[in-house]
>>> print(open('data.pdb').read())   # PDB, C-alpha atoms
ATOM      1  CA  MET A  11     188.029 192.040 106.728  1.00  0.00           C
ATOM      2  CA  LYS A  12     189.410 189.614 104.163  1.00  0.00           C
ATOM      3  CA  ILE A  13     187.189 187.007 102.574  1.00  0.00           C
ATOM      4  CA  PRO A  14     189.096 183.992 104.025  1.00  0.00           C
ATOM      5  CA  SER A  15     188.686 185.456 107.528  1.00  0.00           C
ATOM      6  CA  LEU A  16     185.005 185.975 106.889  1.00  0.00           C
ATOM      7  CA  LEU A  17     184.709 182.401 105.729  1.00  0.00           C
ATOM      8  CA  LEU A  18     186.590 181.232 108.799  1.00  0.00           C
ATOM      9  CA  TYR A  19     184.273 183.121 111.138  1.00  0.00           C
ATOM     10  CA  ALA A  20     181.202 181.914 109.242  1.00  0.00           C
ATOM     11  CA  ALA A  21     182.410 178.327 109.423  1.00  0.00           C
ATOM     12  CA  LEU A  22     183.177 178.701 113.146  1.00  0.00           C
ATOM     13  CA  ALA A  23     179.733 180.175 113.772  1.00  0.00           C
ATOM     14  CA  ALA A  24     178.034 177.370 111.839  1.00  0.00           C
ATOM     15  CA  CYS A  25     180.125 174.791 113.665  1.00  0.00           C
ATOM     16  CA  LEU A  26     179.336 176.201 117.118  1.00  0.00           C
ATOM     17  CA  GLY A  27     175.693 176.719 116.215  1.00  0.00           C
ATOM     18  CA  SER A  28     175.255 173.108 115.252  1.00  0.00           C
ATOM     19  CA  CYS A  29     176.984 171.855 118.406  1.00  0.00           C
ATOM     20  CA  SER A  30     173.832 172.402 120.457  1.00  0.00           C
ATOM     21  CA  GLN A  31     172.009 169.820 118.335  1.00  0.00           C
ATOM     22  CA  GLN A  32     174.648 167.228 119.080  1.00  0.00           C
ATOM     23  CA  LEU A  33     174.481 167.440 122.866  1.00  0.00           C
ATOM     24  CA  VAL A  34     173.669 164.201 124.622  1.00  0.00           C
ATOM     25  CA  ARG A  35     170.150 164.493 125.914  1.00  0.00           C
ATOM     26  CA  VAL A  36     168.248 162.020 128.039  1.00  0.00           C
ATOM     27  CA  LYS A  37     165.424 160.647 125.913  1.00  0.00           C
ATOM     28  CA  PRO A  38     161.901 160.672 127.350  1.00  0.00           C
ATOM     29  CA  TYR A  39     161.923 156.884 127.651  1.00  0.00           C
ATOM     30  CA  GLU A  40     165.208 156.955 129.587  1.00  0.00           C
ATOM     31  CA  ARG A  41     163.965 159.139 132.421  1.00  0.00           C
ATOM     32  CA  GLY A  42     163.198 156.354 134.873  1.00  0.00           C
ATOM     33  CA  ASN A  43     165.916 157.424 137.301  1.00  0.00           C
ATOM     34  CA  LEU A  44     164.916 161.079 137.070  1.00  0.00           C
ATOM     35  CA  ALA A  45     161.329 160.106 137.933  1.00  0.00           C
ATOM     36  CA  LYS A  46     162.325 158.433 141.207  1.00  0.00           C
ATOM     37  CA  PRO A  47     160.932 160.091 144.365  1.00  0.00           C
ATOM     38  CA  VAL A  48     164.449 160.687 145.657  1.00  0.00           C
ATOM     39  CA  MET A  49     165.001 163.128 142.778  1.00  0.00           C
ATOM     40  CA  THR A  50     162.258 165.521 143.902  1.00  0.00           C
ATOM     41  CA  ASN A  51     163.016 168.742 145.758  1.00  0.00           C
ATOM     42  CA  ASP A  52     160.298 168.323 148.359  1.00  0.00           C
ATOM     43  CA  ARG A  53     160.809 164.746 149.410  1.00  0.00           C
ATOM     44  CA  ALA A  54     161.095 165.871 153.054  1.00  0.00           C
ATOM     45  CA  PRO A  55     158.144 168.267 153.611  1.00  0.00           C
ATOM     46  CA  LEU A  56     159.023 168.905 157.280  1.00  0.00           C
ATOM     47  CA  LEU A  57     162.632 169.801 156.492  1.00  0.00           C
ATOM     48  CA  GLN A  58     161.483 172.064 153.656  1.00  0.00           C
ATOM     49  CA  ALA A  59     158.923 173.805 155.906  1.00  0.00           C
ATOM     50  CA  MET A  60     161.595 174.425 158.555  1.00  0.00           C
ATOM     51  CA  THR A  61     164.040 175.732 155.971  1.00  0.00           C
ATOM     52  CA  GLU A  62     161.421 178.051 154.515  1.00  0.00           C
ATOM     53  CA  HIS A  63     160.521 179.304 157.992  1.00  0.00           C
ATOM     54  CA  ALA A  64     164.160 180.004 158.795  1.00  0.00           C
ATOM     55  CA  TYR A  65     164.588 181.789 155.468  1.00  0.00           C
ATOM     56  CA  PHE A  66     161.432 183.826 156.002  1.00  0.00           C
ATOM     57  CA  SER A  67     162.582 184.862 159.485  1.00  0.00           C
ATOM     58  CA  ARG A  68     166.084 185.741 158.333  1.00  0.00           C
ATOM     59  CA  GLU A  69     164.951 187.673 155.276  1.00  0.00           C
ATOM     60  CA  ALA A  70     161.827 189.232 156.808  1.00  0.00           C
ATOM     61  CA  SER A  71     162.912 192.759 155.968  1.00  0.00           C
ATOM     62  CA  PHE A  72     162.794 191.811 152.291  1.00  0.00           C
ATOM     63  CA  GLY A  73     159.445 190.097 152.578  1.00  0.00           C
ATOM     64  CA  GLY A  74     160.847 186.655 153.345  1.00  0.00           C
ATOM     65  CA  GLY A  75     160.173 184.061 150.688  1.00  0.00           C
ATOM     66  CA  GLY A  76     156.820 185.611 149.759  1.00  0.00           C
ATOM     67  CA  VAL A  77     155.995 189.160 148.817  1.00  0.00           C
ATOM     68  CA  GLY A  78     158.637 191.627 147.799  1.00  0.00           C
ATOM     69  CA  GLY A  79     159.213 194.979 149.386  1.00  0.00           C
ATOM     70  CA  GLY A  80     161.496 196.851 151.706  1.00  0.00           C
ATOM     71  CA  GLY A  81     159.696 196.139 154.982  1.00  0.00           C
ATOM     72  CA  CYS A  82     157.755 199.394 154.881  1.00  0.00           C
ATOM     73  CA  GLY A  83     154.452 197.579 154.992  1.00  0.00           C
ATOM     74  CA  CYS A  84     153.256 199.313 151.856  1.00  0.00           C
ATOM     75  CA  ASN A  85     152.951 196.206 149.662  1.00  0.00           C
TER
ATOM     76  CA  MET B   9     194.641 178.581 106.183  1.00  0.00           C
ATOM     77  CA  LYS B  10     193.038 176.644 103.386  1.00  0.00           C
ATOM     78  CA  SER B  11     193.425 173.359 105.236  1.00  0.00           C
ATOM     79  CA  ILE B  12     191.825 174.838 108.379  1.00  0.00           C
ATOM     80  CA  LEU B  13     188.886 176.054 106.330  1.00  0.00           C
ATOM     81  CA  THR B  14     188.538 172.659 104.693  1.00  0.00           C
ATOM     82  CA  CYS B  15     188.561 170.919 108.076  1.00  0.00           C
ATOM     83  CA  LEU B  16     185.970 173.315 109.488  1.00  0.00           C
ATOM     84  CA  ALA B  17     183.744 172.952 106.448  1.00  0.00           C
ATOM     85  CA  PHE B  18     183.927 169.174 106.761  1.00  0.00           C
ATOM     86  CA  ALA B  19     183.171 169.326 110.494  1.00  0.00           C
ATOM     87  CA  CYS B  20     180.166 171.538 109.850  1.00  0.00           C
ATOM     88  CA  SER B  21     178.887 169.307 107.078  1.00  0.00           C
ATOM     89  CA  THR B  22     178.969 166.260 109.355  1.00  0.00           C
ATOM     90  CA  LEU B  23     177.352 168.120 112.254  1.00  0.00           C
ATOM     91  CA  LEU B  24     174.528 169.354 110.086  1.00  0.00           C
ATOM     92  CA  LEU B  25     173.638 165.913 108.779  1.00  0.00           C
ATOM     93  CA  PRO B  26     170.028 165.131 109.691  1.00  0.00           C
ATOM     94  CA  ALA B  27     169.543 162.538 112.407  1.00  0.00           C
ATOM     95  CA  ALA B  28     167.673 159.324 111.603  1.00  0.00           C
ATOM     96  CA  SER B  29     164.028 160.284 111.572  1.00  0.00           C
ATOM     97  CA  ALA B  30     161.432 158.651 113.785  1.00  0.00           C
ATOM     98  CA  PRO B  31     158.317 157.079 112.258  1.00  0.00           C
ATOM     99  CA  ALA B  32     155.804 159.715 111.215  1.00  0.00           C
ATOM    100  CA  VAL B  33     152.201 159.850 110.077  1.00  0.00           C
ATOM    101  CA  GLY B  34     151.873 158.292 106.622  1.00  0.00           C
ATOM    102  CA  GLN B  35     154.788 155.911 107.089  1.00  0.00           C
ATOM    103  CA  ALA B  36     154.446 152.155 107.342  1.00  0.00           C
ATOM    104  CA  LEU B  37     154.649 150.568 110.778  1.00  0.00           C
ATOM    105  CA  PRO B  38     157.969 148.731 111.001  1.00  0.00           C
ATOM    106  CA  LYS B  39     158.045 145.023 111.805  1.00  0.00           C
ATOM    107  CA  LEU B  40     157.691 144.959 115.564  1.00  0.00           C
ATOM    108  CA  ALA B  41     159.034 141.417 115.729  1.00  0.00           C
ATOM    109  CA  ASP B  42     162.401 142.736 114.515  1.00  0.00           C
ATOM    110  CA  LEU B  43     162.453 145.500 117.116  1.00  0.00           C
ATOM    111  CA  LEU B  44     161.235 143.285 119.954  1.00  0.00           C
ATOM    112  CA  PRO B  45     163.105 140.013 119.506  1.00  0.00           C
ATOM    113  CA  GLY B  46     161.629 137.183 121.523  1.00  0.00           C
ATOM    114  CA  ALA B  47     158.437 139.065 122.385  1.00  0.00           C
ATOM    115  CA  LYS B  48     155.111 137.314 121.932  1.00  0.00           C
ATOM    116  CA  LEU B  49     153.178 139.653 119.669  1.00  0.00           C
ATOM    117  CA  PRO B  50     149.576 139.318 118.511  1.00  0.00           C
ATOM    118  CA  ALA B  51     148.647 139.058 114.834  1.00  0.00           C
ATOM    119  CA  THR B  52     148.224 142.549 113.417  1.00  0.00           C
ATOM    120  CA  ALA B  53     147.693 141.887 109.699  1.00  0.00           C
ATOM    121  CA  GLY B  54     144.534 143.604 108.501  1.00  0.00           C
ATOM    122  CA  LYS B  55     143.809 145.062 111.924  1.00  0.00           C
ATOM    123  CA  VAL B  56     143.797 148.524 113.427  1.00  0.00           C
ATOM    124  CA  VAL B  57     146.730 148.641 115.844  1.00  0.00           C
ATOM    125  CA  LEU B  58     147.575 150.969 118.719  1.00  0.00           C
ATOM    126  CA  VAL B  59     151.242 150.811 119.666  1.00  0.00           C
ATOM    127  CA  ASP B  60     151.703 152.496 123.017  1.00  0.00           C
ATOM    128  CA  PHE B  61     155.005 153.263 124.733  1.00  0.00           C
ATOM    129  CA  TRP B  62     154.717 153.322 128.521  1.00  0.00           C
ATOM    130  CA  ALA B  63     156.809 153.023 131.664  1.00  0.00           C
ATOM    131  CA  SER B  64     156.010 152.117 135.263  1.00  0.00           C
ATOM    132  CA  TRP B  65     157.451 155.424 136.522  1.00  0.00           C
ATOM    133  CA  CYS B  66     155.218 157.504 134.245  1.00  0.00           C
ATOM    134  CA  ALA B  67     151.991 158.640 135.935  1.00  0.00           C
ATOM    135  CA  PRO B  68     150.111 159.570 132.717  1.00  0.00           C
ATOM    136  CA  CYS B  69     150.972 156.105 131.360  1.00  0.00           C
ATOM    137  CA  GLU B  70     149.236 154.549 134.350  1.00  0.00           C
ATOM    138  CA  ALA B  71     146.228 156.771 133.755  1.00  0.00           C
ATOM    139  CA  SER B  72     146.096 155.731 130.107  1.00  0.00           C
ATOM    140  CA  PHE B  73     145.764 152.032 130.940  1.00  0.00           C
ATOM    141  CA  ALA B  74     142.158 152.350 132.090  1.00  0.00           C
ATOM    142  CA  CYS B  75     141.317 154.132 128.839  1.00  0.00           C
ATOM    143  CA  MET B  76     143.080 151.527 126.719  1.00  0.00           C
ATOM    144  CA  GLY B  77     141.308 148.784 128.646  1.00  0.00           C
ATOM    145  CA  ARG B  78     137.959 150.322 127.707  1.00  0.00           C
ATOM    146  CA  LEU B  79     139.032 150.665 124.077  1.00  0.00           C
ATOM    147  CA  HIS B  80     140.135 147.041 123.989  1.00  0.00           C
ATOM    148  CA  GLU B  81     136.879 145.866 125.523  1.00  0.00           C
ATOM    149  CA  LYS B  82     134.813 147.857 123.045  1.00  0.00           C
ATOM    150  CA  TYR B  83     136.714 147.356 119.794  1.00  0.00           C
ATOM    151  CA  ALA B  84     138.840 144.180 120.055  1.00  0.00           C
ATOM    152  CA  ALA B  85     136.124 142.054 118.489  1.00  0.00           C
ATOM    153  CA  LYS B  86     135.945 144.450 115.545  1.00  0.00           C
ATOM    154  CA  GLY B  87     139.629 144.063 114.679  1.00  0.00           C
ATOM    155  CA  PHE B  88     141.411 146.428 117.056  1.00  0.00           C
ATOM    156  CA  VAL B  89     144.692 145.412 118.699  1.00  0.00           C
ATOM    157  CA  ILE B  90     146.641 147.220 121.402  1.00  0.00           C
ATOM    158  CA  ILE B  91     150.326 146.538 121.972  1.00  0.00           C
ATOM    159  CA  GLY B  92     151.765 148.207 125.062  1.00  0.00           C
ATOM    160  CA  ILE B  93     155.536 148.442 124.916  1.00  0.00           C
ATOM    161  CA  GLY B  94     157.115 148.910 128.342  1.00  0.00           C
ATOM    162  CA  VAL B  95     160.461 150.688 128.380  1.00  0.00           C
ATOM    163  CA  ASP B  96     161.459 150.155 132.013  1.00  0.00           C
ATOM    164  CA  ASP B  97     165.137 149.551 132.622  1.00  0.00           C
ATOM    165  CA  GLU B  98     164.422 147.070 135.377  1.00  0.00           C
ATOM    166  CA  ALA B  99     162.394 143.979 134.541  1.00  0.00           C
ATOM    167  CA  ALA B 100     161.057 143.817 138.118  1.00  0.00           C
ATOM    168  CA  ASN B 101     159.422 147.252 137.773  1.00  0.00           C
ATOM    169  CA  TYR B 102     157.888 146.252 134.457  1.00  0.00           C
ATOM    170  CA  GLN B 103     156.512 143.020 135.901  1.00  0.00           C
ATOM    171  CA  THR B 104     155.140 144.677 139.044  1.00  0.00           C
ATOM    172  CA  PHE B 105     153.344 147.296 136.986  1.00  0.00           C
ATOM    173  CA  ALA B 106     151.971 144.719 134.539  1.00  0.00           C
ATOM    174  CA  ALA B 107     150.792 142.520 137.408  1.00  0.00           C
ATOM    175  CA  LYS B 108     149.075 145.487 139.050  1.00  0.00           C
ATOM    176  CA  GLN B 109     147.313 146.631 135.884  1.00  0.00           C
ATOM    177  CA  LYS B 110     146.492 143.189 134.472  1.00  0.00           C
ATOM    178  CA  PRO B 111     145.384 144.572 131.106  1.00  0.00           C
ATOM    179  CA  ALA B 112     143.436 142.418 128.668  1.00  0.00           C
ATOM    180  CA  PHE B 113     145.632 143.624 125.815  1.00  0.00           C
ATOM    181  CA  THR B 114     149.212 142.618 125.004  1.00  0.00           C
ATOM    182  CA  LEU B 115     152.164 144.005 126.919  1.00  0.00           C
ATOM    183  CA  VAL B 116     155.761 143.488 125.869  1.00  0.00           C
ATOM    184  CA  HIS B 117     159.001 144.610 127.481  1.00  0.00           C
ATOM    185  CA  ASP B 118     161.471 146.501 125.319  1.00  0.00           C
ATOM    186  CA  VAL B 119     164.431 145.303 127.366  1.00  0.00           C
ATOM    187  CA  SER B 120     167.145 146.610 125.071  1.00  0.00           C
ATOM    188  CA  HIS B 121     165.258 149.834 124.157  1.00  0.00           C
ATOM    189  CA  LYS B 122     165.590 148.820 120.522  1.00  0.00           C
ATOM    190  CA  ALA B 123     161.970 149.668 119.706  1.00  0.00           C
ATOM    191  CA  ALA B 124     162.091 152.868 121.769  1.00  0.00           C
ATOM    192  CA  ALA B 125     165.265 153.976 120.036  1.00  0.00           C
ATOM    193  CA  PHE B 126     163.672 153.353 116.649  1.00  0.00           C
ATOM    194  CA  PHE B 127     160.339 155.049 117.380  1.00  0.00           C
ATOM    195  CA  ASN B 128     162.011 157.730 119.505  1.00  0.00           C
ATOM    196  CA  PRO B 129     158.745 158.571 121.320  1.00  0.00           C
ATOM    197  CA  PRO B 130     158.692 162.348 121.869  1.00  0.00           C
ATOM    198  CA  THR B 131     157.170 162.044 125.328  1.00  0.00           C
ATOM    199  CA  MET B 132     155.856 159.424 127.720  1.00  0.00           C
ATOM    200  CA  PRO B 133     153.442 157.961 126.938  1.00  0.00           C
ATOM    201  CA  SER B 134     153.392 158.145 123.157  1.00  0.00           C
ATOM    202  CA  SER B 135     151.135 156.072 120.971  1.00  0.00           C
ATOM    203  CA  TYR B 136     150.923 155.280 117.280  1.00  0.00           C
ATOM    204  CA  LEU B 137     147.590 154.398 115.722  1.00  0.00           C
ATOM    205  CA  VAL B 138     147.970 152.239 112.631  1.00  0.00           C
ATOM    206  CA  ASP B 139     145.315 151.464 110.029  1.00  0.00           C
ATOM    207  CA  ARG B 140     144.425 148.068 108.551  1.00  0.00           C
ATOM    208  CA  LYS B 141     147.021 148.513 105.787  1.00  0.00           C
ATOM    209  CA  GLY B 142     149.816 149.020 108.287  1.00  0.00           C
ATOM    210  CA  THR B 143     150.220 152.771 107.842  1.00  0.00           C
ATOM    211  CA  ILE B 144     150.710 155.045 110.845  1.00  0.00           C
ATOM    212  CA  ARG B 145     147.735 157.400 110.779  1.00  0.00           C
ATOM    213  CA  PHE B 146     147.802 159.188 114.133  1.00  0.00           C
ATOM    214  CA  ILE B 147     150.469 159.885 116.736  1.00  0.00           C
ATOM    215  CA  HIS B 148     149.479 160.837 120.276  1.00  0.00           C
ATOM    216  CA  LYS B 149     152.000 162.621 122.444  1.00  0.00           C
ATOM    217  CA  GLY B 150     151.198 162.192 126.117  1.00  0.00           C
ATOM    218  CA  PHE B 151     147.865 161.276 127.639  1.00  0.00           C
ATOM    219  CA  LYS B 152     145.307 163.844 128.778  1.00  0.00           C
ATOM    220  CA  ARG B 153     142.310 162.340 130.522  1.00  0.00           C
ATOM    221  CA  ALA B 154     139.755 164.769 129.138  1.00  0.00           C
ATOM    222  CA  THR B 155     140.807 164.878 125.513  1.00  0.00           C
ATOM    223  CA  THR B 156     142.806 161.803 124.555  1.00  0.00           C
ATOM    224  CA  GLU B 157     140.119 159.153 125.056  1.00  0.00           C
ATOM    225  CA  PRO B 158     137.499 160.898 122.859  1.00  0.00           C
ATOM    226  CA  GLU B 159     140.213 161.343 120.232  1.00  0.00           C
ATOM    227  CA  TYR B 160     141.100 157.643 120.400  1.00  0.00           C
ATOM    228  CA  ILE B 161     137.437 156.650 120.046  1.00  0.00           C
ATOM    229  CA  LYS B 162     136.889 158.929 117.072  1.00  0.00           C
ATOM    230  CA  GLU B 163     140.053 157.789 115.313  1.00  0.00           C
ATOM    231  CA  VAL B 164     139.662 154.084 116.041  1.00  0.00           C
ATOM    232  CA  GLU B 165     136.061 154.087 114.818  1.00  0.00           C
ATOM    233  CA  ALA B 166     137.091 155.899 111.646  1.00  0.00           C
ATOM    234  CA  LEU B 167     139.916 153.440 110.968  1.00  0.00           C
ATOM    235  CA  LEU B 168     137.769 150.401 111.705  1.00  0.00           C
ATOM    236  CA  ALA B 169     135.164 151.694 109.257  1.00  0.00           C
ATOM    237  CA  GLU B 170     137.685 152.011 106.416  1.00  0.00           C
TER
END
>>> encode(input="data.pdb", output="structure tokens")
Amino acid sequence: MKIPSLLLYAALAACLGSCSQQLVRVKPYERGNLAKPVMTNDRAPLLQAMTEHAYFSREASFGGGGVGGGGCGCN
Amino acid sequence: MKSILTCLAFACSTLLLPAASAPAVGQALPKLADLLPGAKLPATAGKVVLVDFWASWCAPCEASFACMGRLHEKYAAKGFVIIGIGVDDEAANYQTFAAKQKPAFTLVHDVSHKAAAFFNPPTMPSSYLVDRKGTIRFIHKGFKRATTEPEYIKEVEALLAE
């Protein structure tokens, strides 16, 4: 590999590596909207319980949403 | 080829420039009046100051208010000042929270997030304890009921005794 190519790859790597620091991130003091109750996963406990029950029933042979296993009863 | 390398080197050099640093321990507290234009701030010259960043949507911030109320009650007469800087986007949320808490210490609303952008608090709440000379001596990230209040008491008493 020629030196200019090496330099090119090194520069590219440095450039890409430093990109992650430049990403726009929401600052801690700007998280008011993210903290709203509507942003939570479990804002409807009844709906979540029904969904989990349906999932457990459908995937019972794999242990549902809880324990793992192949349905042999050995876990 | 040479021009591409030059461009890439320049791009990398600009990307690697350090970002403006937030106030740290040992640095002087900036003039809050400049960061909070129009806010009614208490006199802080020669006093131990706790600058606390809070928001109405932040549960630990709410928990910290009772602690700060006790600190204010105990040490205000000895030269201790608390300034709570609210960073809510909506003024109504700020006012509702302030009306609910009714703290004895000063609250100000950082409407434009100018102070928050300058301090860049690493988490909510974050507080900066400043000595009588105006130097930031301690920075608290977050509020933990069991540990933060004893730390505040120890630090405030030490700074008041200086």
>>> residues_around(input="data.pdb", residues="region 143-147 of chain B", least_positions_apart="3", cutoff="9 Å", atoms="all atoms listed in the file", output="VMD selection string")
chain B and resid 31 to 37 134 to 140 163 167
>>> atom_distance(input="data.pdb", atom1="CA of Val116 (chain B)", atom2="CA of Ser64 (chain B)")
12.8 Å
>>> interface_residues(input="data.pdb", of="chain A", to="chain B", cutoff="12 Å", atoms="all atoms listed in the file", output="PyMOL selection string")
chain A and resi 13-33+36-47
>>> atom_distance(input="data.pdb", atom1="CA of Met60 (chain A)", atom2="CA of Val48 (chain A)")
19.1 Å
>>> resolve_selection(input="data.pdb", expression="the PyMOL selection byres ((chain B and resi 112-114) around 6)", output="PDB file with C-alpha atoms, in the coordinates of the input")
ATOM      1  CA  ILE B  90     146.641 147.220 121.402  1.00  0.00           C
ATOM      2  CA  ILE B  91     150.326 146.538 121.972  1.00  0.00           C
ATOM      3  CA  PRO B 111     145.384 144.572 131.106  1.00  0.00           C
ATOM      4  CA  LEU B 115     152.164 144.005 126.919  1.00  0.00           C
TER       5      LEU B 115
END
>>> atom_distance(input="data.pdb", atom1="CA of Leu168 (chain B)", atom2="CA of Ala30 (chain B)")
25.1 Å
>>> resolve_selection(input="data.pdb", expression="the PyMOL selection byres ((chain B and resi 42-52) around 7)", output="PyMOL selection string")
chain B and resi 39-41+53-55+57+89+116+118+122-123
>>> axis_aligned_box(input="data.pdb", around="region 36-44 of chain A", padding_each_side="6 Å", output="lines of an AutoDock Vina configuration file")
center_x = 165.1
center_y = 159.2
center_z = 131.6
size_x = 18.3
size_y = 17.7
size_z = 23.4
